[in-house]
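Remarks on the structure that follows.
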Number of protein chains: 2
Amino acid sequence: MSDKRQPAPAHAEHAPLQLEHFLPYRLSIVSNTISQLIADDYQRRYDISMTEWRVMAVLARFEGLSAREVAERTAMDKVAVSRALARLVAADRVNRDTHDGDKRRSVLSLTESGWTMHDEVAPMARAREREVLARLDAEEQMWLNRILDKLQAGNM
Amino acid sequence: MSDKRQPAPAHAEHAPLQLEHFLPYRLSIVSNTISQLIADDYQRRYDISMTEWRVMAVLARFEGLSAREVAERTAMDKVAVSRALARLVAADRVNRDTHDGDKRRSVLSLTESGWTMHDEVAPMARAREREVLARLDAEEQMWLNRILDKLQAGNM
DNA sequence: ACGTTATAGTTACAAATGCAACCATTTGCA
DNA sequence: TGCAAATGGTTGCATTTGTAACTATAACGT
């Protein structure tokens, strides 16, 4: 953030927003940078988007979820999930069955190949997360967790 | 984060990612929720996107910037800025002149109408920010700032 | 049993975004 | 001077994303 030159500082009477000190703006910069850093890893190696990876991550934890449940757990909307699933099924990363007793519901799980990919990507993702967290000391990490919890709790 | 039921906890040997404790994921949830909260405010009232608003906010602080400089200060890429400017100029929120002595550069500033809008939106945005920050106590706010600074500094 | 309402998921279309190629102008330097 | 490289900005095209409408099945109330 080098700030050498100060072009025509604008009208004080208008009280302009200072974007660089504005929380939502700063959050989105940091968040996007970090997410992209990790996404680059697996997008280069596999042909998969961030949304697709998130769907896979959830299915790795919870086998047999329906699409709606995946949407809930990833905080994505159902259309995004539907599209991600279409690609994942086509690429044979995910298996889609139909629920017995409710033909609307799908029953999702990773395929053999899905698991293989997951088992390579998950450690990479965790490693990147550690890299990022390494910039903070233990105390800061603790506060960050607490703060994210609180901010997240507010918006529900 | 109600977690009533625990569907088929998946294979421990695969060490699946716990999305809900994964920093990049949590950050993006919080960031998107907050940004959207604020964007809703002005998107309902005015026909303007988040990128357009950011361009306006920067021009309110620094009159006479060029498009490239706006891109730098908003951390948007130049194509996004170019398009935002096209709409803003068409809507008569922003004035575009040509730099004397360098006909490539544009010289940008808010119009009368741009200022009017700015002067309504900026306080709303600040109010929302305060709402969000109100969920944190003074100490937490202090740490959040410090942490964002550090995380931001890393990615440059 | 029957119609209404709700739920799971997909599709169609519009708007937003990203990337590469592209003009115009300026800069650097032989 | 003149020509290659750099810079500011826009345009075209393909991909992504968001929203609403739609299909199919299930649940509910009478």
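Numbering starts fresh at 1 for the residues of each chain in the structure tokens, the chains themselves are lettered A, B, ... in the order given, and ligands are numbered from 1 as they appear.
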Report as a tab-separated table: every residue of chain A with an atom at most 8 Å from chain B, its closest pair of atoms, and their distance in Å to one decimal, counting only C-alpha atoms, with rows sorted by chain and ascending residue number.
```
residue	atom	partner	partner_atom	distance
A:Gln6	CA	B:Phe62	CA	7.9
A:Pro7	CA	B:Phe62	CA	5.8
A:Ala8	CA	B:Phe62	CA	5.5
A:Pro9	CA	B:Phe62	CA	5.2
A:Ala10	CA	B:Arg61	CA	4.9
A:His11	CA	B:Arg61	CA	7.6
A:His14	CA	B:Asp119	CA	6.3
A:Ala15	CA	B:Asp119	CA	7.8
A:Pro16	CA	B:Arg61	CA	5.6
A:Leu17	CA	B:Ala57	CA	6.0
A:Gln18	CA	B:Arg61	CA	7.4
A:Leu19	CA	B:Ala57	CA	7.2
A:Phe22	CA	B:Glu129	CA	7.7
A:Leu23	CA	B:Glu129	CA	6.8
A:Pro24	CA	B:Ser35	CA	5.6
A:Tyr25	CA	B:Ser35	CA	7.6
A:Arg26	CA	B:Leu148	CA	7.3
A:Leu27	CA	B:Ser31	CA	5.6
A:Ser28	CA	B:Ser31	CA	5.4
A:Ile29	CA	B:Gln152	CA	7.7
A:Val30	CA	B:Gln152	CA	5.8
A:Ser31	CA	B:Ser28	CA	5.4
A:Asn32	CA	B:Ser28	CA	7.3
A:Thr33	CA	B:Asn155	CA	7.2
A:Ile34	CA	B:Pro24	CA	6.3
A:Ser35	CA	B:Pro24	CA	5.6
A:Arg54	CA	B:Leu19	CA	7.8
A:Ala57	CA	B:Leu17	CA	6.0
A:Val58	CA	B:Leu19	CA	7.2
A:Ala60	CA	B:Pro16	CA	5.6
A:Arg61	CA	B:Ala10	CA	4.9
A:Phe62	CA	B:Pro9	CA	5.2
A:Glu63	CA	B:Ala8	CA	5.6
A:Gly64	CA	B:Ala8	CA	7.1
A:Leu65	CA	B:Pro7	CA	7.3
A:Thr74	CA	B:Leu19	CA	7.9
A:Ala75	CA	B:Ile29	CA	7.6
A:Trp115	CA	B:His14	CA	7.9
A:His118	CA	B:Pro16	CA	7.8
A:Asp119	CA	B:His14	CA	6.3
A:Ala122	CA	B:Leu17	CA	6.1
A:Arg126	CA	B:Leu17	CA	7.9
A:Glu129	CA	B:Leu23	CA	6.8
A:Val132	CA	B:Leu151	CA	7.4
A:Arg135	CA	B:Lys150	CA	6.9
A:Leu136	CA	B:Ile147	CA	7.3
A:Glu140	CA	B:Ile147	CA	6.7
A:Trp143	CA	B:Trp143	CA	6.8
A:Leu144	CA	B:Leu144	CA	6.8
A:Ile147	CA	B:Glu140	CA	6.7
A:Leu148	CA	B:Arg26	CA	7.2
A:Lys150	CA	B:Arg135	CA	6.9
A:Leu151	CA	B:Val30	CA	6.7
A:Gln152	CA	B:Val30	CA	5.8
A:Ala153	CA	B:Met1	CA	7.8
A:Gly154	CA	B:Arg135	CA	7.3
A:Asn155	CA	B:Thr33	CA	7.2
```
Any chance you could export the current selection's C-alpha atoms as a short mmCIF file (atom, residue, chain, number, x, y, z; two decimals), in the first residue's frame?
```cif
data_model
loop_
_atom_site.label_atom_id
_atom_site.label_comp_id
_atom_site.auth_asym_id
_atom_site.auth_seq_id
_atom_site.Cartn_x
_atom_site.Cartn_y
_atom_site.Cartn_z
CA GLN A 6 -2.05 12.50 -2.95
CA PRO A 7 -4.11 13.63 -5.93
CA ALA A 8 -6.56 16.46 -5.33
CA PRO A 9 -7.95 15.53 -1.91
CA ALA A 10 -11.66 16.03 -2.43
CA HIS A 11 -14.13 18.28 -0.71
CA HIS A 14 -18.80 15.72 1.36
CA ALA A 15 -17.26 13.34 3.90
CA PRO A 16 -16.17 10.79 1.32
CA LEU A 17 -15.72 7.18 2.29
CA GLN A 18 -12.19 6.04 2.96
CA LEU A 19 -12.32 2.75 1.16
CA PHE A 22 -13.76 0.53 5.29
CA LEU A 23 -14.30 -2.87 6.86
CA PRO A 24 -16.41 -4.53 4.17
CA TYR A 25 -13.97 -3.49 1.50
CA ARG A 26 -10.92 -4.68 3.38
CA LEU A 27 -12.58 -7.95 4.22
CA SER A 28 -13.45 -8.62 0.61
CA ILE A 29 -9.91 -7.89 -0.55
CA VAL A 30 -8.38 -10.22 1.99
CA SER A 31 -10.98 -12.91 1.48
CA ASN A 32 -10.73 -12.91 -2.30
CA THR A 33 -6.96 -12.92 -2.29
CA ILE A 34 -6.78 -15.89 0.04
CA SER A 35 -9.51 -17.90 -1.66
CA ARG A 54 -16.63 -26.99 -1.96
CA ALA A 57 -15.36 -31.21 0.36
CA VAL A 58 -18.79 -31.43 1.91
CA ALA A 60 -16.21 -36.07 1.65
CA ARG A 61 -17.40 -35.30 5.14
CA PHE A 62 -21.01 -36.32 4.80
CA GLU A 63 -21.87 -39.12 2.44
CA GLY A 64 -25.36 -39.42 1.10
CA LEU A 65 -26.41 -35.80 1.37
CA THR A 74 -21.81 -24.80 1.60
CA ALA A 75 -23.91 -21.65 1.88
CA TRP A 115 -11.89 -39.57 -3.44
CA HIS A 118 -10.05 -35.13 -2.67
CA ASP A 119 -7.15 -36.86 -0.99
CA ALA A 122 -7.49 -31.45 0.87
CA ARG A 126 -4.81 -27.15 4.51
CA GLU A 129 -4.36 -22.22 5.12
CA VAL A 132 -1.77 -17.77 5.65
CA ARG A 135 1.45 -14.58 9.31
CA LEU A 136 -0.43 -14.29 12.58
CA GLU A 140 -4.03 -13.16 16.79
CA TRP A 143 -8.91 -13.49 18.21
CA LEU A 144 -9.56 -14.01 14.53
CA ILE A 147 -14.25 -12.48 15.75
CA LEU A 148 -15.33 -14.56 12.76
CA LYS A 150 -19.27 -13.39 16.24
CA LEU A 151 -19.59 -11.82 12.82
CA GLN A 152 -20.98 -15.00 11.37
CA ALA A 153 -23.44 -15.41 14.21
CA GLY A 154 -24.87 -11.97 13.53
CA ASN A 155 -25.98 -12.69 9.99
#
```
message = Using only C-alpha atoms (C1' of nucleotides) and a cut-off of 9 Å, which residues of chain B sit close to chain D? Please list them as a PyMOL selection string.
response = chain B and resi 66-68+78-79+82-83+104-106
message = Based on only C-alpha atoms (C1' of nucleotides), which of the residues in chain C come within 8 Å of chain B? I want them as a list of chain:residue names.
response =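 Taken together, these residues fit the definition: C:DT17, C:DA24, C:DT25, C:DT26.
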File dump, residues just selected, N, CA and C atoms (P, O5', C5', C4', C3', O3' and C1' of nucleotides), as a short mmCIF file (atom, residue, chain, number, x, y, z; two decimals), in the first residue's frame:
```cif
data_model
loop_
_atom_site.label_atom_id
_atom_site.label_comp_id
_atom_site.auth_asym_id
_atom_site.auth_seq_id
_atom_site.Cartn_x
_atom_site.Cartn_y
_atom_site.Cartn_z
P DT C 17 -19.52 -8.19 -11.68
"O5'" DT C 17 -18.75 -9.19 -12.64
"C5'" DT C 17 -18.75 -10.57 -12.30
"C4'" DT C 17 -17.55 -11.24 -12.94
"C3'" DT C 17 -16.30 -10.37 -12.95
"O3'" DT C 17 -15.25 -11.09 -12.32
"C1'" DT C 17 -16.83 -11.15 -15.15
P DA C 24 -7.22 3.86 -34.20
"O5'" DA C 24 -6.56 4.68 -33.00
"C5'" DA C 24 -7.39 5.04 -31.91
"C4'" DA C 24 -6.51 5.67 -30.86
"C3'" DA C 24 -5.48 6.66 -31.43
"O3'" DA C 24 -5.69 7.88 -30.76
"C1'" DA C 24 -4.44 5.11 -29.98
P DT C 25 -4.89 9.17 -31.15
"O5'" DT C 25 -3.71 9.21 -30.10
"C5'" DT C 25 -4.05 9.25 -28.72
"C4'" DT C 25 -2.81 8.90 -27.94
"C3'" DT C 25 -1.63 9.84 -28.18
"O3'" DT C 25 -1.46 10.56 -26.98
"C1'" DT C 25 -0.97 7.57 -28.01
P DT C 26 -0.41 11.75 -26.87
"O5'" DT C 26 0.80 11.06 -26.12
"C5'" DT C 26 0.54 10.27 -24.97
"C4'" DT C 26 1.76 9.43 -24.65
"C3'" DT C 26 3.08 10.21 -24.62
"O3'" DT C 26 3.64 9.97 -23.36
"C1'" DT C 26 3.31 8.17 -25.78
#
```
ask   = So how many Å separate atom CA of Glu69 of chain A and atom CA of Gln43 of chain A, to one decimal?
value = 24.9 Å
query = Could you state the separation of atom CA of Ser113 of chain B and atom CA of Tyr46 of chain B in Å, given to one decimal place?
reply =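 Result for atom CA of Ser113 of chain B versus atom CA of Tyr46 of chain B: 11.9 Å, one decimal.
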request  = Figure out the distance between atom CA of Ala91 of chain B and atom CA of Thr111 of chain B, please, to one decimal in Å.
outcome  =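 Computed distance, atom CA of Thr111 of chain B to atom CA of Ala91 of chain B, equals 10.1 Å.
Secondary structure by DSSP on the backbone puts the following residues of segment 59-135 of chain A in strand (DSSP E or B): Phe62, Val94, Asn95, Arg96, Asp97, Thr98, Ser106, Val107, Leu108, Ser109 and Leu110 of chain A.
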